[in-house]
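S.K.: The file below is start.cif, mmCIF, C-alpha atoms, pLDDT in the B column; chains and numbers go by the auth columns:
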```cif
data_work
#
loop_
_atom_site.group_PDB
_atom_site.id
_atom_site.type_symbol
_atom_site.label_atom_id
_atom_site.label_comp_id
_atom_site.label_asym_id
_atom_site.label_seq_id
_atom_site.Cartn_x
_atom_site.Cartn_y
_atom_site.Cartn_z
_atom_site.B_iso_or_equiv
_atom_site.auth_seq_id
_atom_site.auth_asym_id
ATOM 1 C CA MET A 1 9.900 -42.872 52.411 47.00 1 J
ATOM 2 C CA LYS A 2 10.959 -40.356 49.774 52.00 2 J
ATOM 3 C CA ASN A 3 13.503 -38.762 52.086 57.00 3 J
ATOM 4 C CA ASN A 4 15.160 -42.160 52.606 62.00 4 J
ATOM 5 C CA THR A 5 15.285 -42.692 48.859 64.00 5 J
ATOM 6 C CA ASN A 6 16.776 -39.270 48.294 69.00 6 J
ATOM 7 C CA SER A 7 19.386 -39.836 50.991 69.00 7 J
ATOM 8 C CA GLY A 8 20.460 -43.117 49.424 70.00 8 J
ATOM 9 C CA LEU A 9 20.943 -41.506 46.034 74.00 9 J
ATOM 10 C CA LEU A 10 22.877 -38.561 47.399 73.00 10 J
ATOM 11 C CA THR A 11 25.250 -40.133 49.911 72.00 11 J
ATOM 12 C CA ARG A 12 26.320 -43.465 48.417 73.00 12 J
ATOM 13 C CA ASN A 13 28.663 -42.180 45.732 76.00 13 J
ATOM 14 C CA LYS A 14 29.668 -38.701 46.913 82.00 14 J
ATOM 15 C CA VAL A 15 33.445 -38.111 46.934 84.00 15 J
ATOM 16 C CA ALA A 16 35.587 -35.648 48.834 83.00 16 J
ATOM 17 C CA PRO A 17 36.798 -32.408 47.173 85.00 17 J
ATOM 18 C CA VAL A 18 39.443 -33.146 44.552 83.00 18 J
ATOM 19 C CA THR A 19 43.000 -31.847 44.614 86.00 19 J
ATOM 20 C CA GLU A 20 44.501 -29.341 42.179 82.00 20 J
ATOM 21 C CA GLN A 21 46.570 -32.186 40.697 80.00 21 J
ATOM 22 C CA GLU A 22 43.444 -34.226 40.060 79.00 22 J
ATOM 23 C CA LYS A 23 41.779 -31.240 38.405 78.00 23 J
ATOM 24 C CA LEU A 24 44.489 -31.269 35.732 75.00 24 J
ATOM 25 C CA GLN A 25 42.635 -34.206 34.190 74.00 25 J
ATOM 26 C CA GLU A 26 39.906 -31.864 32.992 73.00 26 J
ATOM 27 C CA ASN A 27 41.990 -29.811 30.532 77.00 27 J
ATOM 28 C CA ASN A 28 38.956 -28.050 29.035 82.00 28 J
ATOM 29 C CA TYR A 29 37.328 -31.410 28.279 90.00 29 J
ATOM 30 C CA LEU A 30 33.826 -29.903 28.143 91.00 30 J
ATOM 31 C CA GLU A 31 34.468 -28.610 24.629 90.00 31 J
ATOM 32 C CA ALA A 32 34.826 -32.217 23.461 91.00 32 J
ATOM 33 C CA VAL A 33 31.649 -33.197 25.330 94.00 33 J
ATOM 34 C CA LYS A 34 29.716 -30.347 23.724 93.00 34 J
ATOM 35 C CA ALA A 35 30.971 -31.357 20.279 93.00 35 J
ATOM 36 C CA PHE A 36 29.809 -34.933 20.895 93.00 36 J
ATOM 37 C CA ALA A 37 26.390 -33.681 22.034 94.00 37 J
ATOM 38 C CA ARG A 38 25.999 -31.740 18.778 93.00 38 J
ATOM 39 C CA LEU A 39 26.579 -34.919 16.790 93.00 39 J
ATOM 40 C CA THR A 40 24.225 -37.297 18.587 91.00 40 J
ATOM 41 C CA TYR A 41 20.430 -37.477 18.820 90.00 41 J
ATOM 42 C CA GLU A 42 20.814 -38.600 22.444 93.00 42 J
ATOM 43 C CA SER A 43 20.822 -36.395 25.538 96.00 43 J
ATOM 44 C CA VAL A 44 24.224 -35.938 27.170 97.00 44 J
ATOM 45 C CA TYR A 45 25.080 -34.684 30.638 97.00 45 J
ATOM 46 C CA ILE A 46 27.956 -34.744 33.131 97.00 46 J
ATOM 47 C CA ILE A 47 27.644 -35.576 36.848 96.00 47 J
ATOM 48 C CA ASP A 48 30.142 -34.150 39.341 95.00 48 J
ATOM 49 C CA TYR A 49 30.145 -36.378 42.428 93.00 49 J
ATOM 50 C CA THR A 50 32.044 -33.914 44.615 92.00 50 J
ATOM 51 C CA ASN A 51 28.882 -31.833 45.013 90.00 51 J
ATOM 52 C CA MET A 52 26.268 -34.084 43.355 91.00 52 J
ATOM 53 C CA SER A 53 25.671 -31.540 40.612 94.00 53 J
ATOM 54 C CA PHE A 54 25.352 -31.515 36.834 96.00 54 J
ATOM 55 C CA GLU A 55 28.344 -29.815 35.244 95.00 55 J
ATOM 56 C CA TYR A 56 26.897 -29.912 31.746 96.00 56 J
ATOM 57 C CA VAL A 57 23.487 -30.705 30.232 97.00 57 J
ATOM 58 C CA SER A 58 22.883 -30.830 26.474 97.00 58 J
ATOM 59 C CA GLU A 59 19.908 -29.197 24.766 94.00 59 J
ATOM 60 C CA ASN A 60 18.235 -32.427 23.659 93.00 60 J
ATOM 61 C CA PRO A 61 14.638 -32.205 24.980 93.00 61 J
ATOM 62 C CA LEU A 62 14.299 -35.886 25.944 93.00 62 J
ATOM 63 C CA PHE A 63 16.122 -35.544 29.268 95.00 63 J
ATOM 64 C CA LEU A 64 15.030 -31.971 30.022 96.00 64 J
ATOM 65 C CA SER A 65 11.360 -32.758 30.826 95.00 65 J
ATOM 66 C CA GLY A 66 10.324 -29.295 29.697 94.00 66 J
ATOM 67 C CA TYR A 67 13.101 -27.392 31.506 96.00 67 J
ATOM 68 C CA SER A 68 16.006 -25.541 29.943 96.00 68 J
ATOM 69 C CA PRO A 69 19.538 -26.977 30.297 97.00 69 J
ATOM 70 C CA ASP A 70 20.409 -24.187 32.743 96.00 70 J
ATOM 71 C CA GLU A 71 17.369 -25.003 34.887 97.00 71 J
ATOM 72 C CA VAL A 72 18.282 -28.707 34.992 97.00 72 J
ATOM 73 C CA MET A 73 21.872 -27.832 35.915 96.00 73 J
ATOM 74 C CA ALA A 74 20.630 -25.582 38.707 95.00 74 J
ATOM 75 C CA MET A 75 18.469 -28.394 40.115 95.00 75 J
ATOM 76 C CA GLY A 76 21.236 -30.992 40.056 92.00 76 J
ATOM 77 C CA TYR A 77 20.118 -34.231 41.699 91.00 77 J
ATOM 78 C CA ASP A 78 16.836 -32.563 42.689 93.00 78 J
ATOM 79 C CA PHE A 79 15.909 -32.957 39.025 96.00 79 J
ATOM 80 C CA TYR A 80 15.507 -36.710 39.585 95.00 80 J
ATOM 81 C CA PHE A 81 13.392 -36.219 42.695 94.00 81 J
ATOM 82 C CA LYS A 82 11.061 -33.858 40.820 94.00 82 J
ATOM 83 C CA ASN A 83 10.759 -35.780 37.563 96.00 83 J
ATOM 84 C CA VAL A 84 11.126 -39.494 38.344 97.00 84 J
ATOM 85 C CA PRO A 85 8.118 -41.452 39.738 96.00 85 J
ATOM 86 C CA GLU A 86 8.460 -42.660 43.321 94.00 86 J
ATOM 87 C CA GLU A 87 8.718 -46.355 42.425 95.00 87 J
ATOM 88 C CA ASP A 88 11.461 -45.638 39.909 97.00 88 J
ATOM 89 C CA LEU A 89 13.342 -43.517 42.453 95.00 89 J
ATOM 90 C CA LYS A 90 13.483 -46.606 44.680 95.00 90 J
ATOM 91 C CA LEU A 91 14.786 -48.582 41.707 96.00 91 J
ATOM 92 C CA LEU A 92 17.429 -45.922 40.998 96.00 92 J
ATOM 93 C CA THR A 93 18.585 -46.110 44.611 94.00 93 J
ATOM 94 C CA GLN A 94 18.976 -49.884 44.316 96.00 94 J
ATOM 95 C CA ILE A 95 20.836 -49.554 41.009 96.00 95 J
ATOM 96 C CA ASN A 96 23.061 -46.863 42.495 94.00 96 J
ATOM 97 C CA GLU A 97 23.983 -49.022 45.497 94.00 97 J
ATOM 98 C CA ALA A 98 24.542 -52.201 43.480 96.00 98 J
ATOM 99 C CA GLY A 99 26.412 -50.399 40.711 95.00 99 J
ATOM 100 C CA PHE A 100 28.884 -48.697 43.022 93.00 100 J
ATOM 101 C CA ASP A 101 29.407 -51.891 45.015 94.00 101 J
ATOM 102 C CA PHE A 102 30.317 -53.647 41.762 95.00 102 J
ATOM 103 C CA TYR A 103 32.467 -50.745 40.595 93.00 103 J
ATOM 104 C CA GLU A 104 34.494 -50.461 43.807 90.00 104 J
ATOM 105 C CA LYS A 105 35.528 -54.113 43.522 91.00 105 J
ATOM 106 C CA GLN A 106 37.234 -53.498 40.169 90.00 106 J
ATOM 107 C CA ALA A 107 40.937 -52.775 39.937 81.00 107 J
ATOM 108 C CA GLY A 108 42.581 -49.369 39.507 75.00 108 J
ATOM 109 C CA ASP A 109 42.330 -47.471 36.246 72.00 109 J
ATOM 110 C CA ASP A 110 40.581 -50.496 34.757 86.00 110 J
ATOM 111 C CA LYS A 111 37.430 -49.004 36.293 90.00 111 J
ATOM 112 C CA LYS A 112 37.142 -46.648 33.335 91.00 112 J
ATOM 113 C CA GLN A 113 36.422 -49.621 31.075 92.00 113 J
ATOM 114 C CA TYR A 114 33.011 -50.257 32.651 94.00 114 J
ATOM 115 C CA SER A 115 29.657 -48.741 31.771 95.00 115 J
ATOM 116 C CA ILE A 116 26.205 -49.327 33.200 95.00 116 J
ATOM 117 C CA THR A 117 22.881 -49.079 31.386 95.00 117 J
ATOM 118 C CA TYR A 118 19.345 -49.220 32.751 96.00 118 J
ATOM 119 C CA ASP A 119 15.807 -47.974 32.099 96.00 119 J
ATOM 120 C CA PHE A 120 13.565 -45.719 34.166 97.00 120 J
ATOM 121 C CA HIS A 121 10.706 -43.278 33.639 98.00 121 J
ATOM 122 C CA LEU A 122 10.904 -39.514 33.384 97.00 122 J
ATOM 123 C CA ILE A 123 7.797 -37.364 33.652 96.00 123 J
ATOM 124 C CA ASN A 124 7.743 -34.997 30.666 92.00 124 J
ATOM 125 C CA SER A 125 6.321 -31.475 30.447 89.00 125 J
ATOM 126 C CA ASP A 126 2.841 -32.895 29.664 91.00 126 J
ATOM 127 C CA GLY A 127 2.865 -34.972 32.826 92.00 127 J
ATOM 128 C CA LYS A 128 3.280 -38.231 30.907 94.00 128 J
ATOM 129 C CA ARG A 129 5.796 -40.939 31.744 96.00 129 J
ATOM 130 C CA VAL A 130 8.517 -41.620 29.178 97.00 130 J
ATOM 131 C CA LEU A 131 10.645 -44.750 29.538 96.00 131 J
ATOM 132 C CA ILE A 132 14.259 -43.801 28.880 96.00 132 J
ATOM 133 C CA ASN A 133 17.502 -45.712 28.676 95.00 133 J
ATOM 134 C CA HIS A 134 20.310 -44.266 30.770 96.00 134 J
ATOM 135 C CA LYS A 135 23.968 -45.089 30.142 95.00 135 J
ATOM 136 C CA LEU A 136 26.732 -43.990 32.524 96.00 136 J
ATOM 137 C CA THR A 137 30.503 -44.386 32.376 95.00 137 J
ATOM 138 C CA PRO A 138 33.381 -42.944 34.437 94.00 138 J
ATOM 139 C CA LEU A 139 35.015 -39.817 33.081 93.00 139 J
ATOM 140 C CA PHE A 140 37.555 -38.912 35.779 92.00 140 J
ATOM 141 C CA LEU A 141 38.804 -40.764 38.853 91.00 141 J
ATOM 142 C CA THR A 142 40.354 -39.355 42.018 90.00 142 J
ATOM 143 C CA ALA A 143 43.751 -40.478 43.320 87.00 143 J
ATOM 144 C CA GLU A 144 41.840 -42.998 45.490 88.00 144 J
ATOM 145 C CA GLN A 145 40.200 -44.415 42.327 90.00 145 J
ATOM 146 C CA LYS A 146 36.803 -42.989 43.244 90.00 146 J
ATOM 147 C CA MET A 147 34.565 -41.875 40.414 92.00 147 J
ATOM 148 C CA TRP A 148 34.821 -38.097 40.357 92.00 148 J
ATOM 149 C CA LYS A 149 32.875 -37.320 37.189 94.00 149 J
ATOM 150 C CA ALA A 150 30.741 -39.437 34.897 96.00 150 J
ATOM 151 C CA MET A 151 29.276 -38.984 31.424 96.00 151 J
ATOM 152 C CA CYS A 152 25.641 -39.958 30.965 97.00 152 J
ATOM 153 C CA VAL A 153 23.775 -40.558 27.714 96.00 153 J
ATOM 154 C CA VAL A 154 19.981 -40.740 27.543 96.00 154 J
ATOM 155 C CA SER A 155 17.836 -42.222 24.772 94.00 155 J
ATOM 156 C CA ILE A 156 14.378 -43.757 24.370 92.00 156 J
ATOM 157 C CA SER A 157 14.289 -47.262 25.851 92.00 157 J
ATOM 158 C CA ASN A 158 13.531 -50.215 23.607 84.00 158 J
ATOM 159 C CA HIS A 159 11.993 -52.104 26.550 86.00 159 J
ATOM 160 C CA GLN A 160 8.489 -52.070 28.013 88.00 160 J
ATOM 161 C CA ASN A 161 9.348 -51.689 31.713 93.00 161 J
ATOM 162 C CA ALA A 162 11.874 -50.000 33.999 96.00 162 J
ATOM 163 C CA GLY A 163 14.966 -51.919 35.119 96.00 163 J
ATOM 164 C CA ASN A 164 16.952 -53.935 32.545 94.00 164 J
ATOM 165 C CA VAL A 165 20.215 -53.202 34.352 96.00 165 J
ATOM 166 C CA TYR A 166 23.443 -54.266 32.638 95.00 166 J
ATOM 167 C CA ILE A 167 27.136 -53.585 33.122 95.00 167 J
ATOM 168 C CA HIS A 168 29.499 -53.910 30.156 92.00 168 J
ATOM 169 C CA LYS A 169 33.275 -53.959 30.038 91.00 169 J
ATOM 170 C CA GLN A 170 34.832 -52.185 27.079 87.00 170 J
ATOM 171 C CA ARG A 171 36.728 -54.272 24.491 83.00 171 J
ATOM 172 C CA THR A 172 35.560 -57.554 26.031 87.00 172 J
ATOM 173 C CA ASP A 173 32.547 -59.857 25.830 84.00 173 J
ATOM 174 C CA GLU A 174 32.015 -59.512 29.581 89.00 174 J
ATOM 175 C CA MET A 175 28.638 -58.308 30.799 92.00 175 J
ATOM 176 C CA TRP A 176 26.549 -58.623 33.954 96.00 176 J
ATOM 177 C CA GLN A 177 22.843 -58.246 34.666 96.00 177 J
ATOM 178 C CA LEU A 178 21.413 -57.079 37.975 97.00 178 J
ATOM 179 C CA ASP A 179 18.778 -59.368 39.466 96.00 179 J
ATOM 180 C CA THR A 180 16.715 -56.678 41.201 94.00 180 J
ATOM 181 C CA THR A 181 14.815 -59.279 43.227 94.00 181 J
ATOM 182 C CA LYS A 182 17.937 -60.842 44.754 95.00 182 J
ATOM 183 C CA ASN A 183 20.050 -57.675 44.378 95.00 183 J
ATOM 184 C CA THR A 184 22.892 -59.724 42.870 96.00 184 J
ATOM 185 C CA TRP A 185 24.914 -59.453 39.661 97.00 185 J
ATOM 186 C CA GLN A 186 24.784 -62.373 37.255 96.00 186 J
ATOM 187 C CA LYS A 187 27.525 -62.746 34.668 94.00 187 J
ATOM 188 C CA LEU A 188 26.136 -63.371 31.199 90.00 188 J
ATOM 189 C CA GLN A 189 27.477 -64.679 27.945 83.00 189 J
ATOM 190 C CA LYS A 190 27.368 -61.796 25.505 82.00 190 J
ATOM 191 C CA PRO A 191 25.117 -62.793 22.574 86.00 191 J
ATOM 192 C CA LYS A 192 26.757 -62.984 19.169 88.00 192 J
ATOM 193 C CA LEU A 193 25.482 -62.819 15.618 93.00 193 J
ATOM 194 C CA ASN A 194 27.090 -64.648 12.741 94.00 194 J
ATOM 195 C CA LYS A 195 28.202 -62.828 9.588 94.00 195 J
ATOM 196 C CA ARG A 196 24.969 -63.332 7.652 95.00 196 J
ATOM 197 C CA GLU A 197 22.749 -62.336 10.601 95.00 197 J
ATOM 198 C CA THR A 198 24.814 -59.171 11.017 94.00 198 J
ATOM 199 C CA GLU A 199 24.358 -58.373 7.318 95.00 199 J
ATOM 200 C CA VAL A 200 20.598 -58.795 7.591 95.00 200 J
ATOM 201 C CA LEU A 201 20.425 -56.543 10.631 94.00 201 J
ATOM 202 C CA ARG A 202 22.516 -53.810 9.012 94.00 202 J
ATOM 203 C CA LEU A 203 20.520 -53.879 5.778 95.00 203 J
ATOM 204 C CA HIS A 204 17.276 -53.670 7.718 93.00 204 J
ATOM 205 C CA ALA A 205 18.665 -50.659 9.598 90.00 205 J
ATOM 206 C CA GLN A 206 19.199 -49.013 6.202 92.00 206 J
ATOM 207 C CA GLY A 207 15.456 -49.299 5.555 92.00 207 J
ATOM 208 C CA LEU A 208 15.468 -52.250 3.146 94.00 208 J
ATOM 209 C CA THR A 209 12.481 -54.594 3.010 94.00 209 J
ATOM 210 C CA ILE A 210 12.722 -58.369 3.322 95.00 210 J
ATOM 211 C CA ASN A 211 12.539 -58.730 -0.466 96.00 211 J
ATOM 212 C CA GLN A 212 15.220 -56.079 -1.008 95.00 212 J
ATOM 213 C CA ILE A 213 17.511 -57.737 1.537 95.00 213 J
ATOM 214 C CA ALA A 214 16.967 -61.068 -0.195 96.00 214 J
ATOM 215 C CA GLU A 215 18.024 -59.527 -3.517 95.00 215 J
ATOM 216 C CA LYS A 216 21.133 -58.009 -1.955 94.00 216 J
ATOM 217 C CA LEU A 217 22.173 -61.330 -0.412 95.00 217 J
ATOM 218 C CA PHE A 218 21.115 -63.471 -3.395 95.00 218 J
ATOM 219 C CA VAL A 219 18.755 -65.577 -1.293 95.00 219 J
ATOM 220 C CA VAL A 220 14.997 -66.105 -1.201 96.00 220 J
ATOM 221 C CA PRO A 221 12.826 -64.027 1.183 95.00 221 J
ATOM 222 C CA ASP A 222 12.134 -67.061 3.380 96.00 222 J
ATOM 223 C CA THR A 223 15.862 -67.303 4.087 96.00 223 J
ATOM 224 C CA VAL A 224 15.895 -63.679 5.258 96.00 224 J
ATOM 225 C CA LYS A 225 12.915 -64.444 7.496 96.00 225 J
ATOM 226 C CA TYR A 226 14.868 -67.350 8.967 96.00 226 J
ATOM 227 C CA TYR A 227 17.812 -65.067 9.770 96.00 227 J
ATOM 228 C CA ARG A 228 15.428 -62.582 11.373 95.00 228 J
ATOM 229 C CA ARG A 229 14.041 -65.289 13.648 95.00 229 J
ATOM 230 C CA GLN A 230 17.569 -66.274 14.590 95.00 230 J
ATOM 231 C CA ILE A 231 18.410 -62.657 15.430 95.00 231 J
ATOM 232 C CA PHE A 232 15.307 -62.312 17.601 94.00 232 J
ATOM 233 C CA GLU A 233 16.141 -65.513 19.477 93.00 233 J
ATOM 234 C CA ARG A 234 19.800 -64.653 20.048 92.00 234 J
ATOM 235 C CA LEU A 235 19.084 -61.095 21.233 90.00 235 J
ATOM 236 C CA GLU A 236 15.842 -61.959 23.062 85.00 236 J
ATOM 237 C CA VAL A 237 13.782 -59.329 21.245 87.00 237 J
ATOM 238 C CA SER A 238 10.562 -59.357 19.231 88.00 238 J
ATOM 239 C CA ASN A 239 11.248 -57.018 16.311 88.00 239 J
ATOM 240 C CA MET A 240 14.080 -55.583 14.223 89.00 240 J
ATOM 241 C CA THR A 241 13.961 -52.154 15.834 85.00 241 J
ATOM 242 C CA GLU A 242 14.624 -53.696 19.239 85.00 242 J
ATOM 243 C CA ALA A 243 17.246 -55.981 17.713 89.00 243 J
ATOM 244 C CA PHE A 244 19.211 -53.086 16.268 88.00 244 J
ATOM 245 C CA SER A 245 18.985 -51.110 19.514 82.00 245 J
ATOM 246 C CA VAL A 246 20.253 -54.056 21.576 83.00 246 J
ATOM 247 C CA ALA A 247 22.999 -54.868 19.085 86.00 247 J
ATOM 248 C CA VAL A 248 24.287 -51.290 19.133 82.00 248 J
ATOM 249 C CA SER A 249 24.033 -50.757 22.894 76.00 249 J
ATOM 250 C CA ARG A 250 25.822 -54.054 23.609 76.00 250 J
ATOM 251 C CA ARG A 251 28.398 -53.419 20.872 77.00 251 J
ATOM 252 C CA ILE A 252 27.479 -56.556 18.971 82.00 252 J
ATOM 253 C CA ILE A 253 27.674 -54.711 15.661 79.00 253 J
#
```
Here is a file; write its structure as structure tokens.
M.R.:
Amino acid sequence: MKNNTNSGLLTRNKVAPVTEQEKLQENNYLEAVKAFARLTYESVYIIDYTNMSFEYVSENPLFLSGYSPDEVMAMGYDFYFKNVPEEDLKLLTQINEAGFDFYEKQAGDDKKQYSITYDFHLINSDGKRVLINHKLTPLFLTAEQKMWKAMCVVSISNHQNAGNVYIHKQRTDEMWQLDTTKNTWQKLQKPKLNKRETEVLRLHAQGLTINQIAEKLFVVPDTVKYYRRQIFERLEVSNMTEAFSVAVSRRII
């Protein structure tokens, strides 16, 4: 069973060797990636689909599962097979297949505007499962518009279970969710917050209490509580930490 899963992950999105002309896209881009990794708390790594390897892995410990960046780079895709539970490997294979099917139907260079996000477990150095959120977006395309390299960003998930697969299109309100039972993409209406709800969410992110937010907005605390309930309902979350995470990841604020 595991060999079939591994094969699905490895073969679906592999591309042929790139040409010298296509390589000109790189232009020492890794320096910019490394600079970004120094500025973010999230883990960052680059996948090269010509050989299914990791071209770069940041030093953030969340993704490393107790290994060094060099060790993870040396493992390449074997890192997933060693550190992702079997049931989540099956899920990753399904996401991989569905994601690339969706991606290949998009037009030309417009493909770079899409990103996919989903949750799965990694087994850390203590043998415990950690639910992470994984975001992936195209970095370089081949002349045939195949994804050659992709940038991945890893953070702690704000959900309780693996899955939660979404595709977003940059600079639009378009988003899709994968129904893993039917293996189909469902187009969703991107949730929106009004001006006052956005203010409440931002002030909460700054660490202000309900009473402090009320003072800032010149309203009573019960009004702030009302806005909080509205935020939870619109974003389908149960607390402000989840609300802020969803709002940021879906570019609502």
S.K.: Got a sec to resolve the PyMOL selection byres ((chain J and resi 191-196) around 8) on this structure and send the residues as a list in words?
M.R.: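 Selection result, ordered by chain and number: Gln189, Lys190, Glu197, Thr198, Glu199, Val200, Tyr227, Ile231, Arg234, Leu235 and Ile252 of chain J.
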S.K.: Only C-alpha atoms, please: the residues just picked out, written as an mmCIF file, keeping the file's coordinate frame.
M.R.:
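Now in out-v7.cif:
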```
data_model
loop_
_atom_site.group_PDB
_atom_site.id
_atom_site.type_symbol
_atom_site.label_atom_id
_atom_site.label_comp_id
_atom_site.auth_asym_id
_atom_site.auth_seq_id
_atom_site.Cartn_x
_atom_site.Cartn_y
_atom_site.Cartn_z
ATOM 1 C CA GLN J 189 27.477 -64.679 27.945
ATOM 2 C CA LYS J 190 27.368 -61.796 25.505
ATOM 3 C CA GLU J 197 22.749 -62.336 10.601
ATOM 4 C CA THR J 198 24.814 -59.171 11.017
ATOM 5 C CA GLU J 199 24.358 -58.373 7.318
ATOM 6 C CA VAL J 200 20.598 -58.795 7.591
ATOM 7 C CA TYR J 227 17.812 -65.067 9.770
ATOM 8 C CA ILE J 231 18.410 -62.657 15.430
ATOM 9 C CA ARG J 234 19.800 -64.653 20.048
ATOM 10 C CA LEU J 235 19.084 -61.095 21.233
ATOM 11 C CA ILE J 252 27.479 -56.556 18.971
#
```
S.K.: Go ahead and find all residues with at least one atom no further than 7 Å from (41.7, -38.7, 38.3) in the file's coordinates, using only C-alpha atoms; report them as a PDB file with C-alpha atoms, keeping the file's coordinate frame.
M.R.:
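Contents of the output file result_14.pdb:
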```
ATOM      1  CA  GLU J  22      43.444 -34.226  40.060  1.00 79.00           C
ATOM      2  CA  GLN J  25      42.635 -34.206  34.190  1.00 74.00           C
ATOM      3  CA  PHE J 140      37.555 -38.912  35.779  1.00 92.00           C
ATOM      4  CA  LEU J 141      38.804 -40.764  38.853  1.00 91.00           C
ATOM      5  CA  THR J 142      40.354 -39.355  42.018  1.00 90.00           C
ATOM      6  CA  ALA J 143      43.751 -40.478  43.320  1.00 87.00           C
TER       7      ALA J 143
END
```
S.K.: Counting all atoms listed in the file, which residue out of J:Thr184, J:Ser58, J:Gln170, J:Thr241 sits closest to His204 of chain J?
M.R.: J:Thr241
S.K.: Could you tell me which of J:Asn161, J:Thr40, J:Thr19, J:Ser249 comes closest to Glu87 of chain J if we count all atoms listed in the file?
M.R.: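 Residue with the minimum atom-to-atom distance to Glu87 of chain J: J:Asn161.
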S.K.: Using the chain letters and numbers from the file, which residues does the PyMOL selection byres ((chain J and resi 183) around 12) grab, as a list in words?
M.R.: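 Checking the PyMOL selection byres ((chain J and resi 183) around 12) against this file, the residues are Leu91, Thr93, Gln94, Ile95, Asn96, Glu97, Ala98, Gly99, Asp101, Phe102, Val165, Gln177, Leu178, Asp179, Thr180, Thr181, Lys182, Thr184, Trp185 and Gln186 of chain J.
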S.K.: Between atom CA of Met75 of chain J and atom CA of His159 of chain J, what is the spacing in Å?
M.R.: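 Straight-line distance from atom CA of His159 of chain J to atom CA of Met75 of chain J works out to 28.1 Å.
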S.K.: At a cut-off of 12 Å from (8.7, -58.9, 14.1) in the coordinates of the file, what residues are picked up using all atoms listed in the file, written as an MDAnalysis selection string?
M.R.: chainID J and resid 204 210 225:233 236:243
S.K.: Would you please work out which residue, of J:Asn60, J:Thr223, J:Ser157, J:Asn211, is nearest to Tyr41 of chain J when using all atoms listed in the file?
M.R.: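 Closest residue, counting all atoms listed in the file: J:Asn60.
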S.K.: What's the 12 Å shell around Asn124 of chain J, counting all atoms listed in the file, without same-chain residues fewer than 6 positions away, as JSON, numbers by chain?
M.R.: {"J": [61, 62, 63, 64, 65, 66, 67, 79, 80, 82, 83, 84, 85, 130, 131, 132]}
S.K.: How far is it from atom CA of Trp148 of chain J to atom CA of His121 of chain J, in Å with one decimal?
M.R.: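 Here the two named atoms are 25.6 Å from each other.
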S.K.: In Å to one decimal, how far is atom CA of Val15 of chain J from atom CA of Thr172 of chain J?
M.R.: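 Computing the Euclidean distance for atom CA of Thr172 of chain J and atom CA of Val15 of chain J yields 28.6 Å.
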S.K.: Report, as AutoDock Vina command-line options, the axis-aligned box around all atoms of segment 98-107 of chain J present in the file, extended by 6 Å on each side; give centre and edge lengths in Å to one decimal place.
M.R.:
```
--center_x 32.7 --center_y -51.4 --center_z 42.5 --size_x 28.4 --size_y 17.4 --size_z 17.1
```
S.K.: Under the PyMOL selection byres ((chain J and resi 169) around 10), which residues of this model are included? Write them out as a list of chain:residue names.
M.R.: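 Selection result, ordered by chain and number: J:Asp110, J:Lys111, J:Lys112, J:Gln113, J:Tyr114, J:Ser115, J:Ile116, J:Ile167, J:His168, J:Gln170, J:Arg171, J:Thr172, J:Asp173, J:Glu174, J:Met175, J:Trp176, J:Arg250.
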S.K.: What's the 9 Å shell around segment 30-33 of chain J, counting only C-alpha atoms, without same-chain residues fewer than 5 positions away, as number ranges by chain?
M.R.: J: 38, 44-46, 55-56, 151
S.K.: Can you tell me which residues surround Ala214 of chain J at a distance of at most 9 Å, considering all atoms listed in the file, apart from same-chain residues fewer than 5 positions away, and format the answer as a list in words?
M.R.: Val200, Thr209, Val219, Val220, Pro221, Asp222, Thr223 and Val224 of chain J
S.K.: Identify which of the residues J:Phe120, J:Met73, J:Glu42, J:Phe100 lies closest to Pro138 of chain J, counting only C-alpha atoms when measuring atom-to-atom distances.
M.R.: J:Phe100
S.K.: Counting only C-alpha atoms, what is within 8 Å of Cys152 of chain J, bar same-chain residues fewer than 2 positions away, as a PyMOL selection string?
M.R.: chain J and resi 44-47+134-137+150+154
S.K.: Here is a test: counting all atoms listed in the file, which residue of J:Asn13, J:Ile123, J:Phe54, J:Asn133 is nearest to Val246 of chain J?
M.R.: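 Checking each of J:Asn13, J:Ile123, J:Phe54, J:Asn133 against Val246 of chain J, counting all atoms listed in the file, the winner is J:Asn133.
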S.K.: Which one is closest to Ala37 of chain J: J:Glu59, J:Glu144, J:Asp119, J:Asp78? Count all atoms listed in the file.
M.R.: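 Once distances to Ala37 of chain J are computed over all atoms listed in the file, the minimum belongs to J:Glu59.
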